[in-house]
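Structure file my_file19.cif; described as mmCIF, C-alpha atoms.
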```
data_coords
loop_
_atom_site.group_PDB
_atom_site.id
_atom_site.type_symbol
_atom_site.label_atom_id
_atom_site.label_comp_id
_atom_site.auth_asym_id
_atom_site.auth_seq_id
_atom_site.Cartn_x
_atom_site.Cartn_y
_atom_site.Cartn_z
ATOM 1 C CA MET A 1 -5.556 -36.445 4.926
ATOM 2 C CA SER A 2 -6.009 -32.942 3.609
ATOM 3 C CA VAL A 3 -4.517 -30.986 0.746
ATOM 4 C CA VAL A 4 -4.654 -27.204 0.628
ATOM 5 C CA ALA A 5 -3.452 -25.268 -2.412
ATOM 6 C CA ASN A 6 -4.191 -21.567 -2.387
ATOM 7 C CA LEU A 7 -3.263 -18.693 -4.638
ATOM 8 C CA GLU A 8 -3.022 -15.520 -2.572
ATOM 9 C CA PRO A 9 -3.203 -12.178 -4.376
ATOM 10 C CA HIS A 10 -2.776 -9.976 -1.294
ATOM 11 C CA ALA A 11 -0.757 -11.037 1.712
ATOM 12 C CA LEU A 12 0.706 -14.313 2.892
ATOM 13 C CA ASP A 13 0.985 -14.782 6.651
ATOM 14 C CA PRO A 14 3.319 -17.742 7.339
ATOM 15 C CA GLN A 15 2.406 -17.718 11.037
ATOM 16 C CA LEU A 16 -1.259 -18.126 10.209
ATOM 17 C CA GLU A 17 -0.552 -20.904 7.715
ATOM 18 C CA LEU A 18 1.659 -22.671 10.258
ATOM 19 C CA ALA A 19 -1.028 -22.364 12.922
ATOM 20 C CA GLU A 20 -3.651 -23.889 10.650
ATOM 21 C CA LEU A 21 -1.372 -26.703 9.547
ATOM 22 C CA THR A 22 -0.387 -27.380 13.159
ATOM 23 C CA GLU A 23 -4.039 -27.571 14.130
ATOM 24 C CA GLN A 24 -4.667 -30.061 11.320
ATOM 25 C CA ALA A 25 -1.596 -32.089 12.255
ATOM 26 C CA ARG A 26 -2.825 -33.183 15.675
ATOM 27 C CA GLY A 27 -1.957 -36.837 15.910
ATOM 28 C CA ASP A 28 1.099 -36.518 13.676
ATOM 29 C CA GLY A 29 4.649 -36.515 14.963
ATOM 30 C CA ALA A 30 6.309 -34.179 12.461
ATOM 31 C CA LEU A 31 5.586 -30.970 10.657
ATOM 32 C CA VAL A 32 8.014 -29.436 8.155
ATOM 33 C CA THR A 33 7.472 -26.065 6.523
ATOM 34 C CA PHE A 34 9.313 -23.871 4.063
ATOM 35 C CA VAL A 35 8.766 -20.141 3.587
ATOM 36 C CA GLY A 36 10.206 -18.492 0.496
ATOM 37 C CA LEU A 37 10.966 -14.772 0.619
ATOM 38 C CA ALA A 38 11.294 -12.311 -2.228
ATOM 39 C CA ARG A 39 15.040 -11.732 -2.455
ATOM 40 C CA PRO A 40 16.287 -8.117 -2.348
ATOM 41 C CA GLU A 41 19.050 -8.905 -4.819
ATOM 42 C CA SER A 42 19.167 -10.540 -8.245
ATOM 43 C CA ARG A 43 21.543 -13.342 -9.195
ATOM 44 C CA ASN A 44 23.747 -10.667 -10.712
ATOM 45 C CA GLY A 45 23.857 -8.681 -7.501
ATOM 46 C CA GLU A 46 21.491 -5.937 -8.615
ATOM 47 C CA ALA A 47 19.069 -4.471 -6.085
ATOM 48 C CA VAL A 48 15.522 -5.781 -6.453
ATOM 49 C CA ASP A 49 12.608 -3.793 -5.092
ATOM 50 C CA ALA A 50 9.921 -6.376 -5.788
ATOM 51 C CA LEU A 51 8.919 -9.493 -7.624
ATOM 52 C CA VAL A 52 5.916 -9.303 -9.904
ATOM 53 C CA LEU A 53 4.180 -12.599 -10.572
ATOM 54 C CA ASP A 54 1.802 -12.686 -13.495
ATOM 55 C CA HIS A 55 -0.609 -15.610 -13.329
ATOM 56 C CA HIS A 56 -3.333 -17.373 -15.282
ATOM 57 C CA PRO A 57 -6.898 -17.071 -13.926
ATOM 58 C CA THR A 58 -7.412 -20.836 -13.649
ATOM 59 C CA LEU A 59 -4.257 -22.727 -14.593
ATOM 60 C CA THR A 60 -2.041 -21.198 -11.926
ATOM 61 C CA ARG A 61 -4.131 -22.396 -9.012
ATOM 62 C CA GLN A 62 -4.626 -25.701 -10.785
ATOM 63 C CA SER A 63 -0.861 -26.149 -11.047
ATOM 64 C CA LEU A 64 -0.493 -25.550 -7.302
ATOM 65 C CA GLU A 65 -3.179 -28.103 -6.598
ATOM 66 C CA ASP A 66 -1.696 -30.670 -8.998
ATOM 67 C CA ILE A 67 1.685 -30.410 -7.271
ATOM 68 C CA ALA A 68 0.185 -30.578 -3.781
ATOM 69 C CA VAL A 69 -1.974 -33.605 -4.650
ATOM 70 C CA ALA A 70 0.973 -35.398 -6.262
ATOM 71 C CA CYS A 71 2.969 -34.752 -3.097
ATOM 72 C CA ALA A 72 0.222 -36.168 -0.894
ATOM 73 C CA GLU A 73 0.016 -39.282 -3.057
ATOM 74 C CA ARG A 74 3.768 -39.800 -3.228
ATOM 75 C CA PHE A 75 4.760 -39.463 0.423
ATOM 76 C CA ASP A 76 3.384 -40.924 3.626
ATOM 77 C CA VAL A 77 2.048 -37.583 4.803
ATOM 78 C CA SER A 78 -1.163 -36.617 6.539
ATOM 79 C CA HIS A 79 -1.550 -33.011 5.441
ATOM 80 C CA VAL A 80 -0.082 -30.870 2.674
ATOM 81 C CA ARG A 81 -0.426 -27.107 2.453
ATOM 82 C CA VAL A 82 0.768 -24.816 -0.335
ATOM 83 C CA VAL A 83 0.020 -21.096 -0.403
ATOM 84 C CA HIS A 84 1.575 -18.961 -3.124
ATOM 85 C CA ARG A 85 1.459 -15.236 -3.675
ATOM 86 C CA CYS A 86 0.761 -13.610 -7.017
ATOM 87 C CA GLY A 87 0.923 -9.959 -8.018
ATOM 88 C CA THR A 88 3.530 -7.590 -6.613
ATOM 89 C CA ILE A 89 5.602 -8.868 -3.700
ATOM 90 C CA PRO A 90 8.005 -6.335 -2.158
ATOM 91 C CA ALA A 91 11.501 -7.634 -1.402
ATOM 92 C CA GLY A 92 11.662 -9.385 1.947
ATOM 93 C CA GLU A 93 8.026 -10.447 2.001
ATOM 94 C CA PRO A 94 6.864 -14.073 1.919
ATOM 95 C CA ILE A 95 6.127 -15.400 -1.537
ATOM 96 C CA VAL A 96 5.385 -19.056 -0.795
ATOM 97 C CA PHE A 97 4.501 -21.309 2.112
ATOM 98 C CA ALA A 98 4.900 -25.042 1.654
ATOM 99 C CA GLY A 99 4.362 -27.506 4.466
ATOM 100 C CA ALA A 100 3.513 -31.098 5.245
ATOM 101 C CA SER A 101 2.866 -33.164 8.332
ATOM 102 C CA SER A 102 3.407 -36.844 8.884
ATOM 103 C CA ILE A 103 3.662 -39.448 11.596
ATOM 104 C CA HIS A 104 7.451 -39.648 11.222
ATOM 105 C CA ARG A 105 9.748 -36.821 10.202
ATOM 106 C CA ARG A 106 11.359 -38.162 7.006
ATOM 107 C CA ALA A 107 8.167 -38.109 4.973
ATOM 108 C CA ALA A 108 7.452 -34.503 5.971
ATOM 109 C CA PHE A 109 10.992 -33.382 5.120
ATOM 110 C CA ASP A 110 10.857 -35.096 1.750
ATOM 111 C CA ALA A 111 7.384 -33.748 1.007
ATOM 112 C CA ALA A 112 8.382 -30.138 1.660
ATOM 113 C CA ASP A 113 11.522 -30.573 -0.459
ATOM 114 C CA TYR A 114 9.488 -32.104 -3.289
ATOM 115 C CA LEU A 115 6.863 -29.371 -3.141
ATOM 116 C CA MET A 116 9.425 -26.625 -3.565
ATOM 117 C CA ASP A 117 11.392 -28.353 -6.318
ATOM 118 C CA ARG A 118 8.245 -28.727 -8.385
ATOM 119 C CA LEU A 119 6.834 -25.314 -7.545
ATOM 120 C CA LYS A 120 10.084 -23.632 -8.591
ATOM 121 C CA THR A 121 9.924 -25.121 -12.073
ATOM 122 C CA GLU A 122 6.306 -25.979 -12.854
ATOM 123 C CA ALA A 123 3.991 -23.558 -11.083
ATOM 124 C CA VAL A 124 2.250 -21.457 -13.713
ATOM 125 C CA PHE A 125 3.706 -18.022 -13.049
ATOM 126 C CA TRP A 126 5.575 -15.513 -15.130
ATOM 127 C CA LYS A 127 7.963 -13.733 -12.820
ATOM 128 C CA ARG A 128 9.812 -10.461 -13.076
ATOM 129 C CA GLU A 129 12.330 -8.791 -10.817
ATOM 130 C CA VAL A 130 11.805 -5.039 -10.638
ATOM 131 C CA GLY A 131 14.453 -2.640 -9.402
ATOM 132 C CA ASP A 132 16.313 0.533 -10.181
ATOM 133 C CA GLY A 133 17.696 -1.077 -13.316
ATOM 134 C CA GLY A 134 14.233 -1.811 -14.688
ATOM 135 C CA ALA A 135 12.409 -5.130 -14.926
ATOM 136 C CA LYS A 136 13.860 -8.496 -15.800
ATOM 137 C CA TRP A 137 11.961 -11.694 -16.533
ATOM 138 C CA ILE A 138 13.080 -14.697 -14.527
ATOM 139 C CA GLU A 139 13.172 -18.295 -15.678
ATOM 140 C CA PRO A 140 14.102 -21.449 -13.784
ATOM 141 C CA THR A 141 17.822 -22.191 -13.676
ATOM 142 C CA GLU A 142 19.501 -25.445 -14.674
ATOM 143 C CA ALA A 143 19.977 -26.078 -10.957
ATOM 144 C CA ASP A 144 16.210 -25.679 -10.436
ATOM 145 C CA PHE A 145 15.498 -28.275 -13.134
ATOM 146 C CA ALA A 146 18.179 -30.592 -11.738
ATOM 147 C CA ASP A 147 16.574 -30.331 -8.286
ATOM 148 C CA ARG A 148 13.183 -31.201 -9.737
ATOM 149 C CA ASP A 149 14.587 -34.104 -11.743
ATOM 150 C CA ARG A 150 15.850 -35.736 -8.547
ATOM 151 C CA TRP A 151 12.269 -36.856 -8.018
ATOM 152 C CA GLY A 152 12.000 -38.688 -11.328
ATOM 153 C CA MET B 1 5.960 2.369 -6.557
ATOM 154 C CA SER B 2 3.249 -0.257 -6.748
ATOM 155 C CA ALA B 3 1.562 1.268 -9.769
ATOM 156 C CA ALA B 4 4.847 1.248 -11.639
ATOM 157 C CA LEU B 5 5.297 -2.410 -10.808
ATOM 158 C CA ASP B 6 2.021 -3.521 -12.254
ATOM 159 C CA LEU B 7 2.269 -5.457 -15.458
ATOM 160 C CA PRO B 8 1.592 -3.014 -18.254
ATOM 161 C CA VAL B 9 -1.695 -4.265 -19.571
ATOM 162 C CA ARG B 10 -2.801 -2.370 -22.587
ATOM 163 C CA GLY B 11 -6.361 -3.549 -22.496
ATOM 164 C CA THR B 12 -8.571 -4.704 -25.286
ATOM 165 C CA LYS B 13 -7.717 -3.389 -28.693
ATOM 166 C CA ALA B 14 -8.600 -4.230 -32.227
ATOM 167 C CA VAL B 15 -5.758 -5.213 -34.492
ATOM 168 C CA ASP B 16 -6.339 -5.314 -38.224
ATOM 169 C CA LEU B 17 -3.316 -7.123 -39.472
ATOM 170 C CA ASN B 18 -4.505 -7.351 -43.078
ATOM 171 C CA ALA B 19 -2.489 -10.443 -43.753
ATOM 172 C CA PRO B 20 -3.355 -12.297 -46.954
ATOM 173 C CA ARG B 21 -5.927 -15.018 -46.416
ATOM 174 C CA ARG B 22 -4.539 -18.502 -46.876
ATOM 175 C CA ASP B 23 -7.791 -20.309 -46.178
ATOM 176 C CA SER B 24 -9.300 -20.702 -49.582
ATOM 177 C CA ASP B 25 -12.582 -21.891 -48.088
ATOM 178 C CA ALA B 26 -12.916 -19.017 -45.666
ATOM 179 C CA THR B 27 -15.999 -17.002 -46.440
ATOM 180 C CA LYS B 28 -16.718 -15.222 -43.158
ATOM 181 C CA GLU B 29 -14.563 -12.939 -41.104
ATOM 182 C CA GLY B 30 -14.885 -12.340 -37.414
ATOM 183 C CA ARG B 31 -12.956 -11.260 -34.386
ATOM 184 C CA VAL B 32 -11.052 -13.779 -32.369
ATOM 185 C CA LYS B 33 -10.247 -12.872 -28.794
ATOM 186 C CA VAL B 34 -6.635 -13.541 -27.876
ATOM 187 C CA LEU B 35 -5.299 -13.538 -24.310
ATOM 188 C CA LEU B 36 -1.604 -13.247 -23.524
ATOM 189 C CA TYR B 37 0.548 -13.725 -20.426
ATOM 190 C CA GLY B 38 4.010 -12.940 -19.119
ATOM 191 C CA ARG B 39 6.420 -11.464 -21.630
ATOM 192 C CA LEU B 40 3.758 -11.567 -24.331
ATOM 193 C CA ALA B 41 1.348 -9.499 -22.252
ATOM 194 C CA GLU B 42 4.093 -6.995 -21.634
ATOM 195 C CA SER B 43 5.095 -6.612 -25.265
ATOM 196 C CA ILE B 44 1.739 -7.052 -27.014
ATOM 197 C CA GLY B 45 -0.996 -6.500 -24.442
ATOM 198 C CA ARG B 46 -3.107 -8.641 -22.141
ATOM 199 C CA GLN B 47 -5.865 -9.166 -24.642
ATOM 200 C CA LEU B 48 -6.752 -8.163 -28.130
ATOM 201 C CA GLN B 49 -9.167 -8.917 -30.897
ATOM 202 C CA LEU B 50 -7.832 -10.216 -34.166
ATOM 203 C CA GLU B 51 -9.719 -9.908 -37.404
ATOM 204 C CA ALA B 52 -9.594 -13.420 -38.735
ATOM 205 C CA ALA B 53 -11.380 -15.634 -41.191
ATOM 206 C CA GLU B 54 -13.832 -18.067 -39.658
ATOM 207 C CA GLY B 55 -11.963 -21.313 -39.162
ATOM 208 C CA CYS B 56 -8.466 -19.862 -39.315
ATOM 209 C CA SER B 57 -5.824 -21.949 -37.603
ATOM 210 C CA VAL B 58 -3.973 -21.288 -34.377
ATOM 211 C CA ALA B 59 -0.805 -21.222 -36.459
ATOM 212 C CA GLU B 60 -2.206 -18.370 -38.518
ATOM 213 C CA LEU B 61 -3.056 -16.368 -35.405
ATOM 214 C CA ARG B 62 0.428 -17.011 -34.062
ATOM 215 C CA ARG B 63 1.974 -15.930 -37.366
ATOM 216 C CA ARG B 64 -0.094 -12.764 -37.561
ATOM 217 C CA LEU B 65 0.805 -11.761 -34.036
ATOM 218 C CA ALA B 66 4.478 -12.376 -34.759
ATOM 219 C CA ASP B 67 4.305 -10.346 -37.957
ATOM 220 C CA ALA B 68 2.676 -7.445 -36.118
ATOM 221 C CA HIS B 69 5.039 -7.713 -33.125
ATOM 222 C CA PRO B 70 8.422 -8.904 -34.417
ATOM 223 C CA SER B 71 10.105 -8.390 -31.044
ATOM 224 C CA ALA B 72 7.740 -10.963 -29.551
ATOM 225 C CA ALA B 73 8.090 -13.500 -32.369
ATOM 226 C CA GLY B 74 10.589 -15.678 -30.521
ATOM 227 C CA HIS B 75 8.470 -15.885 -27.400
ATOM 228 C CA LEU B 76 5.337 -16.513 -29.466
ATOM 229 C CA GLY B 77 7.094 -19.416 -31.118
ATOM 230 C CA ARG B 78 7.857 -20.967 -27.736
ATOM 231 C CA SER B 79 4.368 -20.409 -26.352
ATOM 232 C CA ARG B 80 1.662 -22.992 -25.831
ATOM 233 C CA ALA B 81 -1.730 -22.247 -27.336
ATOM 234 C CA LEU B 82 -4.821 -23.023 -25.287
ATOM 235 C CA ILE B 83 -8.505 -23.010 -26.133
ATOM 236 C CA GLY B 84 -11.006 -23.610 -23.361
ATOM 237 C CA GLY B 85 -8.168 -24.247 -20.919
ATOM 238 C CA SER B 86 -6.681 -27.111 -22.951
ATOM 239 C CA VAL B 87 -3.502 -27.090 -24.985
ATOM 240 C CA VAL B 88 -4.238 -27.247 -28.707
ATOM 241 C CA ALA B 89 -2.075 -27.943 -31.740
ATOM 242 C CA ASP B 90 -1.242 -25.230 -34.218
ATOM 243 C CA GLU B 91 -3.439 -26.959 -36.810
ATOM 244 C CA ARG B 92 -6.513 -26.437 -34.628
ATOM 245 C CA ARG B 93 -9.182 -24.341 -36.343
ATOM 246 C CA VAL B 94 -10.662 -21.513 -34.307
ATOM 247 C CA ARG B 95 -14.350 -20.701 -34.183
ATOM 248 C CA GLY B 96 -15.408 -17.116 -33.869
ATOM 249 C CA ASP B 97 -16.745 -17.503 -30.356
ATOM 250 C CA GLU B 98 -13.598 -19.083 -28.962
ATOM 251 C CA GLU B 99 -10.804 -17.452 -27.021
ATOM 252 C CA VAL B 100 -7.225 -18.378 -27.779
ATOM 253 C CA GLU B 101 -4.584 -18.040 -25.072
ATOM 254 C CA PHE B 102 -0.847 -17.988 -25.680
ATOM 255 C CA LEU B 103 1.255 -18.986 -22.648
ATOM 256 C CA PRO B 104 5.022 -18.478 -22.748
ATOM 257 C CA PRO B 105 7.194 -20.977 -20.852
ATOM 258 C CA VAL B 106 6.479 -20.543 -17.146
ATOM 259 C CA SER B 107 8.895 -19.048 -14.644
ATOM 260 C CA GLY B 108 7.856 -21.320 -11.804
ATOM 261 C CA GLY B 109 7.166 -19.980 -8.364
#
```

Mind turning this structure into structure tokens?
Amino acid sequence: MSVVANLEPHALDPQLELAELTEQARGDGALVTFVGLARPESRNGEAVDALVLDHHPTLTRQSLEDIAVACAERFDVSHVRVVHRCGTIPAGEPIVFAGASSIHRRAAFDAADYLMDRLKTEAVFWKREVGDGGAKWIEPTEADFADRDRWG
Amino acid sequence: MSAALDLPVRGTKAVDLNAPRRDSDATKEGRVKVLLYGRLAESIGRQLQLEAAEGCSVAELRRRLADAHPSAAGHLGRSRALIGGSVVADERRVRGDEEVEFLPPVSGG
């Protein structure tokens, strides 16, 4: 069992994260990963050049770890890995990697789903979309909270 | 482009808000360091020093910031206050050597 929860201020390489998780997952039968990308368009259809994620010096990483540990305790998984960017993320670039491995596939699927539902609503970030129209602060949607609440 | 995208942090600054003292037992005045995040950092600054009576409450700091920055009052009202990394109630008294953080509701990742 291992739990990795990293806050990455520079660049997130999903291939590298996948390679490390795959190496850890020897002996498992399933590995499920999710990579979130900074969208080039807002919900209102406006062009977005970048996301800017403000973070807290200690609580942000702690929130990632809390979510990853809760995931590892809740599901029958062997390894959990969460890596999240902070700072300025140009549109199209990876913003989050969430993955889990398990002996059978269902636990890994559920774990990755759970990780993202909680990260989207509870990770300690303050997020802005920046584009030609200026900057706009982003908050979780009702759908995001409904997704999280599926897990009780 | 990247410089323009950085959160506008205004750095440390002293703010003398000159609000009337409500702590009748306050005899000393000091500077309380306040740290702000998200919308609050954008509209007020990342950190500042507030002139405050020794033992003033978190509520008083929150009220003074709101008075000095009316556009941020709503977000201040919805923000959690932390001292030493732990959430504290508005009644909590602040020592001069403590830092108070105000965290608006998070965006999530």

| Contact set, chain A to chain B: 9 Å, all atoms listed in the file, as a ChimeraX atom specification | /A:50-56,58-59,84-85,87-88,90,95-96,116,118-128,130,135,137-140

| request: Check what the PyMOL selection byres ((chain B and resi 67-81) around 6) selects in the file above and give those residues as number ranges by chain. | output: B: 64-66, 82, 87-88, 101-104

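Within the 12 Å cut-off around Ala91 of chain A, using only C-alpha atoms and omitting residues fewer than 4 positions from it on the same chain, the listed residues are Gly36, Leu37, Ala38, Arg39, Pro40, Glu41, Ser42, Ala47, Val48, Asp49, Ala50, Leu51, Val52, Ile95, Glu129, Val130 and Gly131 of chain A.
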
Let me have the centre and edge lengths in Å, one decimal, of the box along x, y and z around every listed atom of segment 135-152 of chain A with 8 Å of margin on each side, as lines of an AutoDock Vina configuration file.
```
center_x = 16.0
center_y = -21.9
center_z = -12.3
size_x = 24.0
size_y = 49.6
size_z = 24.5
```

| task | Extract, using all atoms listed in the file, all DNA, RNA and protein residues at most 10 Å from Asp13 of chain A, discarding same-chain residues fewer than 4 positions from it, and format them as a list of chain:residue names. | result | A:Glu17, A:Leu18, A:Val35, A:Val83, A:Glu93, A:Pro94, A:Ile95, A:Val96, A:Phe97

| request: Quick one: pull the distance between atom CA of Asn44 of chain A and atom CA of Asp147 of chain A, Å, one decimal. | output: 21.1 Å

| field | Explicit residues for the PyMOL selection byres ((chain A and resi 105) around 10) (as JSON, numbers by chain) | value | {"A": [28, 29, 30, 31, 32, 77, 100, 101, 102, 103, 104, 106, 107, 108, 109, 110, 111]}

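A straight line drawn from atom CA of Ser2 of chain A to atom CA of Ala146 of chain A is 28.7 Å long.
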
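Here atom CA of Ala143 of chain A is placed at a distance of 13.0 Å from atom CA of Arg43 of chain A.
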
| Residue members of the PyMOL selection byres ((chain A and resi 1) around 9) in the file shown, as a PyMOL selection string | chain A and resi 2-3+72+77-80

| task | Please provide the set of residues having any atom within 9 Å of segment 5-8 of chain A, restricted to only C-alpha atoms, with same-chain residues fewer than 6 positions apart removed, written as a VMD selection string. | result | chain A and resid 60 to 62 64 to 69 80 to 87

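Residues having any atom no farther than 8 Å from (-10.0, -24.2, -29.4) (counting all atoms listed in the file) are B:Leu82, B:Ile83, B:Gly84, B:Ser86, B:Val88, B:Arg92, B:Arg93, B:Val94, B:Arg95, B:Glu98, B:Glu99, B:Val100.
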
Would you put the residues from that selection into a file with C-alpha atoms, as a CSV table (one decimal), in the frame of the given file?
```csv
chain,number,residue,atom,x,y,z
B,82,LEU,CA,-4.8,-23.0,-25.3
B,83,ILE,CA,-8.5,-23.0,-26.1
B,84,GLY,CA,-11.0,-23.6,-23.4
B,86,SER,CA,-6.7,-27.1,-23.0
B,88,VAL,CA,-4.2,-27.2,-28.7
B,92,ARG,CA,-6.5,-26.4,-34.6
B,93,ARG,CA,-9.2,-24.3,-36.3
B,94,VAL,CA,-10.7,-21.5,-34.3
B,95,ARG,CA,-14.4,-20.7,-34.2
B,98,GLU,CA,-13.6,-19.1,-29.0
B,99,GLU,CA,-10.8,-17.5,-27.0
B,100,VAL,CA,-7.2,-18.4,-27.8
```

Can you rebuild segment 82-98 of chain B with N, CA, C and O atoms and give it as a PDB file, in the frame of the given file?
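Result file selection13.pdb:
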```
ATOM      1  N   LEU B  82      -3.737 -22.353 -25.996  1.00  0.00           N
ATOM      2  CA  LEU B  82      -4.821 -23.023 -25.287  1.00  0.00           C
ATOM      3  C   LEU B  82      -6.157 -22.488 -25.778  1.00  0.00           C
ATOM      4  O   LEU B  82      -6.306 -21.284 -26.051  1.00  0.00           O
ATOM      5  N   ILE B  83      -7.114 -23.386 -25.885  1.00  0.00           N
ATOM      6  CA  ILE B  83      -8.505 -23.010 -26.133  1.00  0.00           C
ATOM      7  C   ILE B  83      -9.351 -23.736 -25.095  1.00  0.00           C
ATOM      8  O   ILE B  83      -9.221 -24.955 -24.928  1.00  0.00           O
ATOM      9  N   GLY B  84     -10.176 -22.993 -24.400  1.00  0.00           N
ATOM     10  CA  GLY B  84     -11.006 -23.610 -23.361  1.00  0.00           C
ATOM     11  C   GLY B  84     -10.188 -24.249 -22.258  1.00  0.00           C
ATOM     12  O   GLY B  84     -10.614 -25.231 -21.645  1.00  0.00           O
ATOM     13  N   GLY B  85      -9.008 -23.733 -21.998  1.00  0.00           N
ATOM     14  CA  GLY B  85      -8.168 -24.247 -20.919  1.00  0.00           C
ATOM     15  C   GLY B  85      -7.342 -25.463 -21.289  1.00  0.00           C
ATOM     16  O   GLY B  85      -6.600 -25.972 -20.457  1.00  0.00           O
ATOM     17  N   SER B  86      -7.456 -25.940 -22.525  1.00  0.00           N
ATOM     18  CA  SER B  86      -6.681 -27.111 -22.951  1.00  0.00           C
ATOM     19  C   SER B  86      -5.679 -26.721 -24.027  1.00  0.00           C
ATOM     20  O   SER B  86      -5.988 -25.902 -24.899  1.00  0.00           O
ATOM     21  N   VAL B  87      -4.521 -27.345 -23.969  1.00  0.00           N
ATOM     22  CA  VAL B  87      -3.502 -27.090 -24.985  1.00  0.00           C
ATOM     23  C   VAL B  87      -3.994 -27.622 -26.329  1.00  0.00           C
ATOM     24  O   VAL B  87      -4.537 -28.728 -26.409  1.00  0.00           O
ATOM     25  N   VAL B  88      -3.820 -26.828 -27.370  1.00  0.00           N
ATOM     26  CA  VAL B  88      -4.238 -27.247 -28.707  1.00  0.00           C
ATOM     27  C   VAL B  88      -3.053 -27.154 -29.666  1.00  0.00           C
ATOM     28  O   VAL B  88      -2.109 -26.389 -29.450  1.00  0.00           O
ATOM     29  N   ALA B  89      -3.116 -27.952 -30.715  1.00  0.00           N
ATOM     30  CA  ALA B  89      -2.075 -27.943 -31.740  1.00  0.00           C
ATOM     31  C   ALA B  89      -2.254 -26.733 -32.645  1.00  0.00           C
ATOM     32  O   ALA B  89      -3.336 -26.137 -32.730  1.00  0.00           O
ATOM     33  N   ASP B  90      -1.191 -26.393 -33.336  1.00  0.00           N
ATOM     34  CA  ASP B  90      -1.242 -25.230 -34.218  1.00  0.00           C
ATOM     35  C   ASP B  90      -2.213 -25.432 -35.383  1.00  0.00           C
ATOM     36  O   ASP B  90      -2.673 -24.454 -35.981  1.00  0.00           O
ATOM     37  N   GLU B  91      -2.514 -26.678 -35.703  1.00  0.00           N
ATOM     38  CA  GLU B  91      -3.439 -26.959 -36.810  1.00  0.00           C
ATOM     39  C   GLU B  91      -4.896 -26.728 -36.420  1.00  0.00           C
ATOM     40  O   GLU B  91      -5.780 -26.710 -37.284  1.00  0.00           O
ATOM     41  N   ARG B  92      -5.141 -26.584 -35.141  1.00  0.00           N
ATOM     42  CA  ARG B  92      -6.513 -26.437 -34.628  1.00  0.00           C
ATOM     43  C   ARG B  92      -7.193 -25.221 -35.262  1.00  0.00           C
ATOM     44  O   ARG B  92      -6.632 -24.136 -35.303  1.00  0.00           O
ATOM     45  N   ARG B  93      -8.389 -25.444 -35.773  1.00  0.00           N
ATOM     46  CA  ARG B  93      -9.182 -24.341 -36.343  1.00  0.00           C
ATOM     47  C   ARG B  93      -9.941 -23.622 -35.233  1.00  0.00           C
ATOM     48  O   ARG B  93     -10.425 -24.256 -34.296  1.00  0.00           O
ATOM     49  N   VAL B  94     -10.081 -22.321 -35.371  1.00  0.00           N
ATOM     50  CA  VAL B  94     -10.662 -21.513 -34.307  1.00  0.00           C
ATOM     51  C   VAL B  94     -12.022 -20.990 -34.748  1.00  0.00           C
ATOM     52  O   VAL B  94     -12.145 -20.386 -35.822  1.00  0.00           O
ATOM     53  N   ARG B  95     -13.023 -21.255 -33.910  1.00  0.00           N
ATOM     54  CA  ARG B  95     -14.350 -20.701 -34.183  1.00  0.00           C
ATOM     55  C   ARG B  95     -14.396 -19.260 -33.681  1.00  0.00           C
ATOM     56  O   ARG B  95     -13.640 -18.864 -32.795  1.00  0.00           O
ATOM     57  N   GLY B  96     -15.330 -18.532 -34.201  1.00  0.00           N
ATOM     58  CA  GLY B  96     -15.408 -17.116 -33.869  1.00  0.00           C
ATOM     59  C   GLY B  96     -15.708 -16.829 -32.426  1.00  0.00           C
ATOM     60  O   GLY B  96     -15.340 -15.783 -31.906  1.00  0.00           O
ATOM     61  N   ASP B  97     -16.374 -17.765 -31.746  1.00  0.00           N
ATOM     62  CA  ASP B  97     -16.745 -17.503 -30.356  1.00  0.00           C
ATOM     63  C   ASP B  97     -15.721 -18.047 -29.363  1.00  0.00           C
ATOM     64  O   ASP B  97     -15.958 -18.033 -28.159  1.00  0.00           O
ATOM     65  N   GLU B  98     -14.604 -18.516 -29.865  1.00  0.00           N
ATOM     66  CA  GLU B  98     -13.598 -19.083 -28.962  1.00  0.00           C
ATOM     67  C   GLU B  98     -12.518 -18.056 -28.619  1.00  0.00           C
ATOM     68  O   GLU B  98     -12.243 -17.151 -29.406  1.00  0.00           O
TER      69      GLU B  98
END
```
